[in-house]
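As provided, my_file_11.pdb (PDB, C-alpha atoms) reads as follows.
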ATOM      1  CA  MET C   1      95.997 104.369 121.431
ATOM      2  CA  ALA C   2      98.717 103.648 123.978
ATOM      3  CA  HIS C   3      99.840 100.659 121.862
ATOM      4  CA  LEU C   4     100.655 102.913 118.898
ATOM      5  CA  LYS C   5     104.042 104.501 118.281
ATOM      6  CA  LEU C   6     104.197 108.026 119.674
ATOM      7  CA  ASP C   7     104.098 109.649 116.240
ATOM      8  CA  CYS C   8     100.878 107.723 115.517
ATOM      9  CA  GLN C   9      99.004 108.908 118.619
ATOM     10  CA  GLU C  10      97.784 112.024 116.830
ATOM     11  CA  SER C  11      94.696 112.812 114.818
ATOM     12  CA  TRP C  12      93.169 110.081 112.675
ATOM     13  CA  GLN C  13      90.751 110.552 109.806
ATOM     14  CA  GLU C  14      88.276 108.079 108.410
ATOM     15  CA  VAL C  15      89.307 107.198 104.850
ATOM     16  CA  TYR C  16      86.842 104.369 104.173
ATOM     17  CA  ASN C  17      83.486 103.352 105.602
ATOM     18  CA  SER C  18      81.424 100.651 103.887
ATOM     19  CA  LYS C  19      78.198 102.318 105.077
ATOM     20  CA  LYS C  20      79.191 105.526 103.255
ATOM     21  CA  HIS C  21      81.274 104.245 100.349
ATOM     22  CA  GLY C  22      79.567 100.893  99.774
ATOM     23  CA  LYS C  23      81.101  97.456 100.031
ATOM     24  CA  ALA C  24      83.351  98.001  97.034
ATOM     25  CA  TRP C  25      86.886  96.649  96.875
ATOM     26  CA  PRO C  26      88.058  99.158  94.219
ATOM     27  CA  SER C  27      86.905 102.048  96.433
ATOM     28  CA  PHE C  28      88.563 100.573  99.518
ATOM     29  CA  ALA C  29      91.816  99.833  97.670
ATOM     30  CA  ALA C  30      91.964 103.346  96.204
ATOM     31  CA  LYS C  31      91.246 105.039  99.530
ATOM     32  CA  VAL C  32      93.694 103.040 101.681
ATOM     33  CA  SER C  33      96.642 102.449  99.326
ATOM     34  CA  GLY C  34      99.698 104.493 100.191
ATOM     35  CA  ARG C  35      98.086 106.104 103.271
ATOM     36  CA  GLY C  36     100.734 105.040 105.749
ATOM     37  CA  PRO C  37      99.608 103.711 109.145
ATOM     38  CA  THR C  38      95.971 102.601 109.248
ATOM     39  CA  LEU C  39      93.519 101.154 111.707
ATOM     40  CA  VAL C  40      90.986  98.722 110.223
ATOM     41  CA  LEU C  41      87.763  98.168 112.170
ATOM     42  CA  ILE C  42      85.226  95.461 111.337
ATOM     43  CA  LYS C  43      81.785  94.821 112.753
ATOM     44  CA  ASP C  44      80.328  91.436 111.898
ATOM     45  CA  THR C  45      76.607  90.703 111.627
ATOM     46  CA  ALA C  46      76.675  89.151 115.122
ATOM     47  CA  GLY C  47      77.784  92.523 116.554
ATOM     48  CA  HIS C  48      81.407  91.640 117.302
ATOM     49  CA  LEU C  49      83.923  94.484 116.827
ATOM     50  CA  PHE C  50      87.523  93.675 115.932
ATOM     51  CA  GLY C  51      90.348  94.798 113.689
ATOM     52  CA  GLY C  52      94.011  95.462 113.228
ATOM     53  CA  TYR C  53      96.616  98.189 113.142
ATOM     54  CA  ALA C  54      98.868  98.272 110.063
ATOM     55  CA  PRO C  55     101.961 100.489 110.410
ATOM     56  CA  ASP C  56     102.823  99.943 106.730
ATOM     57  CA  SER C  57     100.769 101.268 103.828
ATOM     58  CA  TRP C  58      98.334  98.892 102.174
ATOM     59  CA  GLU C  59      99.844  98.066  98.794
ATOM     60  CA  LYS C  60      98.842  95.342  96.381
ATOM     61  CA  GLN C  61     101.449  92.616  96.606
ATOM     62  CA  LYS C  62     102.243  89.542  94.576
ATOM     63  CA  ASN C  63     100.013  87.465  96.814
ATOM     64  CA  SER C  64     102.375  87.381  99.746
ATOM     65  CA  PHE C  65     102.712  88.828 103.210
ATOM     66  CA  TYR C  66     104.687  91.991 103.800
ATOM     67  CA  GLY C  67     105.347  94.697 106.364
ATOM     68  CA  ASP C  68     108.731  96.206 107.191
ATOM     69  CA  GLU C  69     107.244  97.884 110.262
ATOM     70  CA  GLY C  70     105.153  94.839 111.165
ATOM     71  CA  TYR C  71     106.555  94.375 114.639
ATOM     72  CA  SER C  72     104.541  97.402 115.720
ATOM     73  CA  SER C  73     101.343  95.985 114.176
ATOM     74  CA  PHE C  74      98.641  94.289 116.234
ATOM     75  CA  VAL C  75      95.160  92.780 116.017
ATOM     76  CA  PHE C  76      92.409  93.353 118.550
ATOM     77  CA  ARG C  77      88.865  92.674 119.747
ATOM     78  CA  LEU C  78      86.679  95.470 121.097
ATOM     79  CA  HIS C  79      83.284  93.820 121.688
ATOM     80  CA  PRO C  80      82.060  91.725 123.391
ATOM     81  CA  VAL C  81      85.570  91.159 124.824
ATOM     82  CA  THR C  82      88.465  93.601 124.656
ATOM     83  CA  SER C  83      91.957  92.277 123.927
ATOM     84  CA  ILE C  84      95.065  93.316 122.008
ATOM     85  CA  HIS C  85      97.476  90.855 120.422
ATOM     86  CA  LYS C  86     100.992  91.940 119.438
ATOM     87  CA  PRO C  87     103.436  90.095 117.144
ATOM     88  CA  THR C  88     105.150  87.098 118.692
ATOM     89  CA  GLY C  89     108.188  87.031 116.405
ATOM     90  CA  LEU C  90     107.378  83.486 115.225
ATOM     91  CA  ASN C  91     106.874  84.726 111.650
ATOM     92  CA  THR C  92     106.628  87.962 109.646
ATOM     93  CA  ASN C  93     103.153  87.406 108.180
ATOM     94  CA  PHE C  94     101.931  90.879 109.129
ATOM     95  CA  GLN C  95      99.884  92.237 106.203
ATOM     96  CA  TYR C  96      98.326  90.714 103.089
ATOM     97  CA  PHE C  97      96.569  92.704 100.358
ATOM     98  CA  ALA C  98      95.722  90.911  97.112
ATOM     99  CA  SER C  99      93.552  91.601  94.107
ATOM    100  CA  GLY C 100      93.186  89.884  90.755
ATOM    101  CA  CYS C 101      94.212  86.418  91.947
ATOM    102  CA  THR C 102      92.601  83.837  89.676
ATOM    103  CA  SER C 103      94.367  80.593  90.625
ATOM    104  CA  GLY C 104      92.054  79.905  93.547
ATOM    105  CA  ILE C 105      95.101  79.370  95.765
ATOM    106  CA  ASN C 106      95.589  82.929  97.025
ATOM    107  CA  PRO C 107      92.428  84.748  98.082
ATOM    108  CA  ASN C 108      91.548  88.290  97.030
ATOM    109  CA  GLY C 109      91.196  90.537 100.056
ATOM    110  CA  ALA C 110      92.979  92.114 102.995
ATOM    111  CA  ALA C 111      94.406  90.318 106.021
ATOM    112  CA  PHE C 112      96.567  90.398 109.109
ATOM    113  CA  GLY C 113      98.709  87.506 110.361
ATOM    114  CA  GLY C 114      98.386  83.751 110.182
ATOM    115  CA  GLN C 115      98.873  82.043 106.847
ATOM    116  CA  ILE C 116      97.140  81.872 103.470
ATOM    117  CA  ASN C 117      93.523  80.734 104.007
ATOM    118  CA  ALA C 118      93.979  80.688 107.792
ATOM    119  CA  PHE C 119      94.617  84.355 108.560
ATOM    120  CA  ALA C 120      94.369  85.926 112.013
ATOM    121  CA  LEU C 121      91.949  88.366 110.352
ATOM    122  CA  PHE C 122      90.765  88.254 106.734
ATOM    123  CA  VAL C 123      88.053  90.020 104.764
ATOM    124  CA  ASP C 124      87.369  88.979 101.184
ATOM    125  CA  ALA C 125      87.409  91.459  98.303
ATOM    126  CA  ALA C 126      83.592  91.340  98.055
ATOM    127  CA  PHE C 127      83.445  92.609 101.668
ATOM    128  CA  GLU C 128      80.703  90.087 102.398
ATOM    129  CA  VAL C 129      82.542  87.447 104.431
ATOM    130  CA  GLY C 130      85.794  86.875 106.219
ATOM    131  CA  HIS C 131      87.503  84.521 108.605
ATOM    132  CA  SER C 132      89.587  84.686 111.757
ATOM    133  CA  PHE C 133      91.742  81.845 112.999
ATOM    134  CA  ALA C 134      93.830  81.607 116.144
ATOM    135  CA  GLY C 135      97.401  81.856 114.956
ATOM    136  CA  PRO C 136     101.083  82.226 115.721
ATOM    137  CA  THR C 137     101.765  85.693 114.231
ATOM    138  CA  TYR C 138      99.922  87.489 117.052
ATOM    139  CA  LYS C 139      99.057  84.501 119.282
ATOM    140  CA  ASN C 140      95.476  85.685 118.948
ATOM    141  CA  PRO C 141      92.234  83.842 119.568
ATOM    142  CA  VAL C 142      89.430  83.964 116.983
ATOM    143  CA  LEU C 143      88.681  87.707 116.797
ATOM    144  CA  ALA C 144      85.242  87.595 115.129
ATOM    145  CA  SER C 145      82.021  85.915 116.271
ATOM    146  CA  GLY C 146      83.269  82.650 114.753
ATOM    147  CA  LEU C 147      85.926  81.211 112.444
ATOM    148  CA  ARG C 148      83.868  82.475 109.513
ATOM    149  CA  TYR C 149      81.863  85.668 109.774
ATOM    150  CA  GLU C 150      79.610  87.902 107.704
ATOM    151  CA  VAL C 151      80.622  91.557 107.368
ATOM    152  CA  ASP C 152      78.277  94.291 108.586
ATOM    153  CA  THR C 153      80.640  97.295 108.404
ATOM    154  CA  ILE C 154      84.283  97.934 107.559
ATOM    155  CA  GLU C 155      86.072 101.166 108.407
ATOM    156  CA  CYS C 156      89.632 102.250 107.790
ATOM    157  CA  TRP C 157      91.215 105.184 109.611
ATOM    158  CA  ALA C 158      94.527 106.777 108.596
ATOM    159  CA  LEU C 159      96.840 109.143 110.381
ATOM    160  CA  ASP C 160      95.982 112.638 109.160
ATOM    161  CA  LYS C 161      98.729 113.364 106.601
ATOM    162  CA  ARG C 162      98.593 117.092 107.331
ATOM    163  CA  LEU C 163      99.725 116.381 110.875
ATOM    164  CA  ARG C 164     102.422 113.963 109.690
ATOM    165  CA  SER C 165     103.874 116.660 107.440
ATOM    166  CA  GLY C 166     103.860 119.271 110.182
ATOM    167  CA  GLY C 167     100.663 121.062 109.165
ATOM    168  CA  ARG C 168      97.547 121.388 111.271
ATOM    169  CA  ALA C 169      94.394 119.411 110.522
ATOM    170  CA  ALA C 170      91.051 121.130 110.221
ATOM    171  CA  GLY C 171      89.403 121.286 113.619
ATOM    172  CA  GLY C 172      92.778 121.342 115.338
ATOM    173  CA  GLY C 173      92.587 117.741 116.581
ATOM    174  CA  GLY C 174      90.793 118.876 119.742
ATOM    175  CA  ALA C 175      87.673 117.491 121.420
ATOM    176  CA  GLY C 176      85.694 117.563 118.169
ATOM    177  CA  ALA C 177      88.234 115.357 116.445
ATOM    178  CA  ALA C 178      88.322 112.972 119.393
ATOM    179  CA  GLY C 179      84.551 112.692 119.282
ATOM    180  CA  ALA C 180      84.681 111.935 115.561
ATOM    181  CA  ARG C 181      87.185 109.120 116.236
ATOM    182  CA  ARG C 182      84.931 107.578 118.883
ATOM    183  CA  ARG C 183      81.717 107.634 116.859
ATOM    184  CA  ALA C 184      82.955 105.038 114.388
ATOM    185  CA  LEU C 185      81.149 101.673 114.398
ATOM    186  CA  TRP C 186      79.488 101.931 117.739
TER     187      TRP C 186
END
Please re-express this file's structure in structure tokens.
Amino acid sequence: MAHLKLDCQESWQEVYNSKKHGKAWPSFAAKVSGRGPTLVLIKDTAGHLFGGYAPDSWEKQKNSFYGDEGYSSFVFRLHPVTSIHKPTGLNTNFQYFASGCTSGINPNGAAFGGQINAFALFVDAAFEVGHSFAGPTYKNPVLASGLRYEVDTIECWALDKRLRSGGRAAGGGGAGAAGARRRALW
């Protein structure tokens, strides 16, 4: 959490989990849109854990990258190797979130970094497969078990809005909340 802005080092709540909510793009899109900062965690079928931090809300775009706060975004690997990759400044391809694309040129799904069809981290809208390429946005290596991977689990965590607005989250954000954050995919 040390890589997050200070106001984002608070209590996080799970807003989507494919094991609970099913691998359903409409459910994911509804639960993550407009949530503000999010942490996306993916476990592939080979057991690799990786993801990305998005400081901007996930919003359906016209098939392009976006992210005004992108310079505080990052992608990471947690298992079997741990590494964090911050933006290099070589481009502003921070977030991608597309649905309803029919041309075959722009893929439907969610992504961080890279370029169209060669993202640093991409998961397709069916939540079955994805890809991860080494790229210039974060100067990251392949994050998943290979260039192409099969999805086991996807989770998305958002900053608890009650804390962002000055209220207090249920449970008070103490040890119980910390334990809930750690239990995620592993």
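Residues matched by the PyMOL selection byres ((chain C and resi 130-133) around 9) in this structure: Gly109, Gly114, Asn117, Ala118, Phe119, Ala120, Leu121, Phe122, Val123, Asp124, Phe127, Glu128, Val129, Ala134, Gly135, Asn140, Pro141, Val142, Leu143, Ala144, Ser145, Gly146, Leu147, Arg148, Tyr149, Glu150 and Val151 of chain C.
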Evaluate the PyMOL selection byres ((chain C and resi 18) around 12) and record the selected residues as a PyMOL selection string, following the chain and residue labels used in the document.
chain C and resi 14-17+19-28+31+40-43+126-128+151-156+184-185
Check what the PyMOL selection byres ((chain C and resi 65) around 9) selects in the file above and give those residues as a VMD selection string.
chain C and resid 61 to 64 66 to 67 92 to 97 111 to 113 115 to 116
Distance in Å - CA of Lys139 in chain C versus CA of Phe74 in chain C
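Separation of CA of Lys139 in chain C and CA of Phe74 in chain C: 10.3 Å.
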Pairwise distance for CA of Pro136 in chain C and CA of Leu90 in chain C, rounded to one decimal in Å
6.4 Å
To one decimal in Å, tell me the separation between CA of Pro55 in chain C and CA of Glu69 in chain C.
5.9 Å
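Nearest to Gly89 in chain C of all the residues C:Pro37, C:Gly51, C:Asp160, C:Ser73 is C:Ser73, counting all atoms listed in the file.
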Using all atoms listed in the file, which protein or nucleic acid residues come within 8 Å of Gly34 in chain C? Drop anything in the same chain fewer than 3 positions from it, and give the result as an mmCIF file with C-alpha atoms, in the coordinates of the input.
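Output (result03.cif):
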data_model
loop_
_atom_site.group_PDB
_atom_site.id
_atom_site.type_symbol
_atom_site.label_atom_id
_atom_site.label_comp_id
_atom_site.auth_asym_id
_atom_site.auth_seq_id
_atom_site.Cartn_x
_atom_site.Cartn_y
_atom_site.Cartn_z
ATOM 1 C CA SER C 57 100.769 101.268 103.828
ATOM 2 C CA TRP C 58 98.334 98.892 102.174
ATOM 3 C CA GLU C 59 99.844 98.066 98.794
#
For Leu49 in chain C, which residue out of C:Asn108, C:Thr82, C:Thr137, C:Ser33 is the nearest one, using all atoms listed in the file?
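Going through C:Asn108, C:Thr82, C:Thr137, C:Ser33 one by one, the smallest distance to Leu49 in chain C is for C:Thr82.
Nearest-residue note for Gly100 in chain C: choosing from C:His85, C:His79, C:Ser72, C:Lys60, the minimum distance belongs to C:Lys60, counting only C-alpha atoms.
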Nearest residue to Val81 in chain C from the set C:Ala29, C:Gln13, C:Leu159, C:His48 (distances using all atoms listed in the file):
C:His48
Could you check the closest approach to Leu78 in chain C for each of C:Ala125, C:Asn106, C:Phe50, C:Gly36 and tell me which residue wins, using all atoms listed in the file?
C:Phe50
Export range 14-161 of chain C, C-alpha atoms, as a compact mmCIF listing (two decimals), in the first residue's frame; it's the structure right above.
# COMPACT_ATOMS: atom_id res chain seq x y z
CA GLU C 14 -14.29 -5.75 -2.40
CA VAL C 15 -16.75 -4.63 -5.09
CA TYR C 16 -16.38 -7.54 -7.52
CA ASN C 17 -15.23 -11.14 -7.21
CA SER C 18 -15.75 -13.56 -10.11
CA LYS C 19 -16.08 -16.47 -7.66
CA LYS C 20 -19.03 -14.71 -5.98
CA HIS C 21 -20.55 -12.70 -8.82
CA GLY C 22 -19.71 -14.99 -11.74
CA LYS C 23 -17.57 -14.20 -14.74
CA ALA C 24 -20.03 -11.65 -16.09
CA TRP C 25 -18.91 -8.46 -17.79
CA PRO C 26 -22.20 -6.60 -17.15
CA SER C 27 -21.89 -7.32 -13.42
CA PHE C 28 -18.25 -6.25 -13.33
CA ALA C 29 -18.93 -3.07 -15.33
CA ALA C 30 -21.86 -2.10 -13.10
CA LYS C 31 -19.94 -2.74 -9.88
CA VAL C 32 -16.71 -0.92 -10.82
CA SER C 33 -17.95 2.03 -12.90
CA GLY C 34 -17.67 5.36 -11.13
CA ARG C 35 -16.08 3.85 -7.98
CA GLY C 36 -12.99 6.03 -7.99
CA PRO C 37 -9.62 4.39 -7.25
CA THR C 38 -9.61 0.60 -7.67
CA LEU C 39 -7.22 -2.28 -7.33
CA VAL C 40 -7.75 -5.12 -9.82
CA LEU C 41 -6.36 -8.53 -8.88
CA ILE C 42 -6.20 -11.48 -11.27
CA LYS C 43 -5.26 -15.09 -10.64
CA ASP C 44 -4.60 -17.12 -13.77
CA THR C 45 -5.11 -20.87 -14.03
CA ALA C 46 -1.35 -21.40 -13.60
CA GLY C 47 -1.56 -19.76 -10.15
CA HIS C 48 0.12 -16.46 -11.00
CA LEU C 49 -1.23 -13.39 -9.15
CA PHE C 50 -1.00 -9.97 -10.77
CA GLY C 51 -2.98 -6.80 -11.32
CA GLY C 52 -3.08 -3.06 -11.48
CA TYR C 53 -4.03 0.04 -9.54
CA ALA C 54 -6.33 2.50 -11.33
CA PRO C 55 -6.58 5.94 -9.67
CA ASP C 56 -9.33 6.97 -12.11
CA SER C 57 -12.81 5.46 -12.18
CA TRP C 58 -13.49 2.74 -14.72
CA GLU C 59 -15.74 4.33 -17.33
CA LYS C 60 -16.67 3.00 -20.74
CA GLN C 61 -14.71 4.98 -23.30
CA LYS C 62 -14.84 5.30 -27.05
CA ASN C 63 -12.29 2.53 -27.39
CA SER C 64 -9.33 4.58 -26.30
CA PHE C 65 -7.00 4.92 -23.35
CA TYR C 66 -7.68 7.43 -20.62
CA GLY C 67 -6.68 8.41 -17.11
CA ASP C 68 -6.12 11.95 -15.85
CA GLU C 69 -4.55 10.59 -12.67
CA GLY C 70 -2.66 7.86 -14.53
CA TYR C 71 0.79 8.86 -13.35
CA SER C 72 -0.09 7.41 -9.96
CA SER C 73 -1.27 4.13 -11.53
CA PHE C 74 0.86 0.99 -11.57
CA VAL C 75 0.81 -2.70 -12.50
CA PHE C 76 2.24 -5.47 -10.37
CA ARG C 77 2.99 -9.17 -9.87
CA LEU C 78 2.43 -10.85 -6.52
CA HIS C 79 3.16 -14.54 -7.17
CA PRO C 80 5.42 -16.30 -7.94
CA VAL C 81 7.52 -13.10 -8.16
CA THR C 82 6.69 -9.77 -6.55
CA SER C 83 7.30 -6.56 -8.51
CA ILE C 84 5.68 -3.17 -9.00
CA HIS C 85 5.91 -1.18 -12.22
CA LYS C 86 5.14 2.55 -12.26
CA PRO C 87 4.48 4.76 -15.32
CA THR C 88 7.55 5.71 -17.32
CA GLY C 89 6.13 8.84 -18.94
CA LEU C 90 6.70 7.44 -22.45
CA ASN C 91 2.94 7.48 -23.13
CA THR C 92 -0.39 8.05 -21.36
CA ASN C 93 -1.97 4.67 -22.11
CA PHE C 94 -3.04 4.09 -18.51
CA GLN C 95 -6.56 2.60 -18.56
CA TYR C 96 -8.76 1.03 -21.23
CA PHE C 97 -12.36 -0.07 -20.68
CA ALA C 98 -14.43 -1.00 -23.74
CA SER C 99 -17.71 -2.73 -24.38
CA GLY C 100 -19.82 -3.16 -27.49
CA CYS C 101 -16.95 -2.95 -29.98
CA THR C 102 -17.93 -4.86 -33.11
CA SER C 103 -15.25 -3.86 -35.63
CA GLY C 104 -12.80 -6.49 -34.43
CA ILE C 105 -10.12 -3.80 -34.17
CA ASN C 106 -10.67 -2.71 -30.57
CA PRO C 107 -11.18 -5.52 -28.06
CA ASN C 108 -13.94 -5.59 -25.46
CA GLY C 109 -12.49 -5.73 -21.96
CA ALA C 110 -10.43 -3.91 -19.37
CA ALA C 111 -6.72 -3.12 -19.56
CA PHE C 112 -3.74 -1.24 -18.22
CA GLY C 113 -0.90 0.17 -20.33
CA GLY C 114 0.71 -0.88 -23.58
CA GLN C 115 -1.25 -0.48 -26.79
CA ILE C 116 -4.36 -1.93 -28.41
CA ASN C 117 -3.96 -5.73 -28.63
CA ALA C 118 -0.61 -5.60 -26.82
CA PHE C 119 -1.62 -4.31 -23.39
CA ALA C 120 0.55 -4.52 -20.27
CA LEU C 121 -2.47 -6.26 -18.71
CA PHE C 122 -5.73 -7.14 -20.48
CA VAL C 123 -8.73 -9.28 -19.61
CA ASP C 124 -11.42 -9.87 -22.21
CA ALA C 125 -15.08 -9.10 -21.56
CA ALA C 126 -15.89 -12.83 -21.28
CA PHE C 127 -13.42 -13.01 -18.35
CA GLU C 128 -12.05 -16.25 -19.77
CA VAL C 129 -8.71 -15.15 -21.24
CA GLY C 130 -6.35 -12.23 -21.25
CA HIS C 131 -2.87 -11.23 -22.28
CA SER C 132 0.11 -9.41 -20.82
CA PHE C 133 2.92 -7.98 -22.90
CA ALA C 134 6.09 -6.24 -21.79
CA GLY C 135 5.56 -2.61 -22.65
CA PRO C 136 6.66 1.00 -22.44
CA THR C 137 3.82 2.48 -20.33
CA TYR C 138 5.06 0.81 -17.12
CA LYS C 139 8.27 -0.81 -18.43
CA ASN C 140 6.81 -4.05 -17.11
CA PRO C 141 7.68 -7.63 -17.94
CA VAL C 142 4.92 -10.13 -18.77
CA LEU C 143 2.83 -10.10 -15.57
CA ALA C 144 0.86 -13.35 -16.06
CA SER C 145 2.11 -16.92 -16.48
CA GLY C 146 2.60 -16.23 -20.20
CA LEU C 147 1.76 -13.74 -22.95
CA ARG C 148 -1.72 -15.26 -23.08
CA TYR C 149 -3.38 -16.60 -19.96
CA GLU C 150 -6.62 -18.19 -18.80
CA VAL C 151 -8.50 -16.44 -15.99
CA ASP C 152 -9.17 -18.28 -12.74
CA THR C 153 -10.38 -15.36 -10.58
CA ILE C 154 -10.80 -11.60 -10.95
CA GLU C 155 -11.33 -9.28 -8.00
CA CYS C 156 -11.77 -5.54 -7.86
CA TRP C 157 -11.36 -3.55 -4.65
CA ALA C 158 -12.44 0.08 -4.24
CA LEU C 159 -11.65 2.67 -1.63
CA ASP C 160 -14.54 2.63 0.84
CA LYS C 161 -16.62 5.66 -0.20
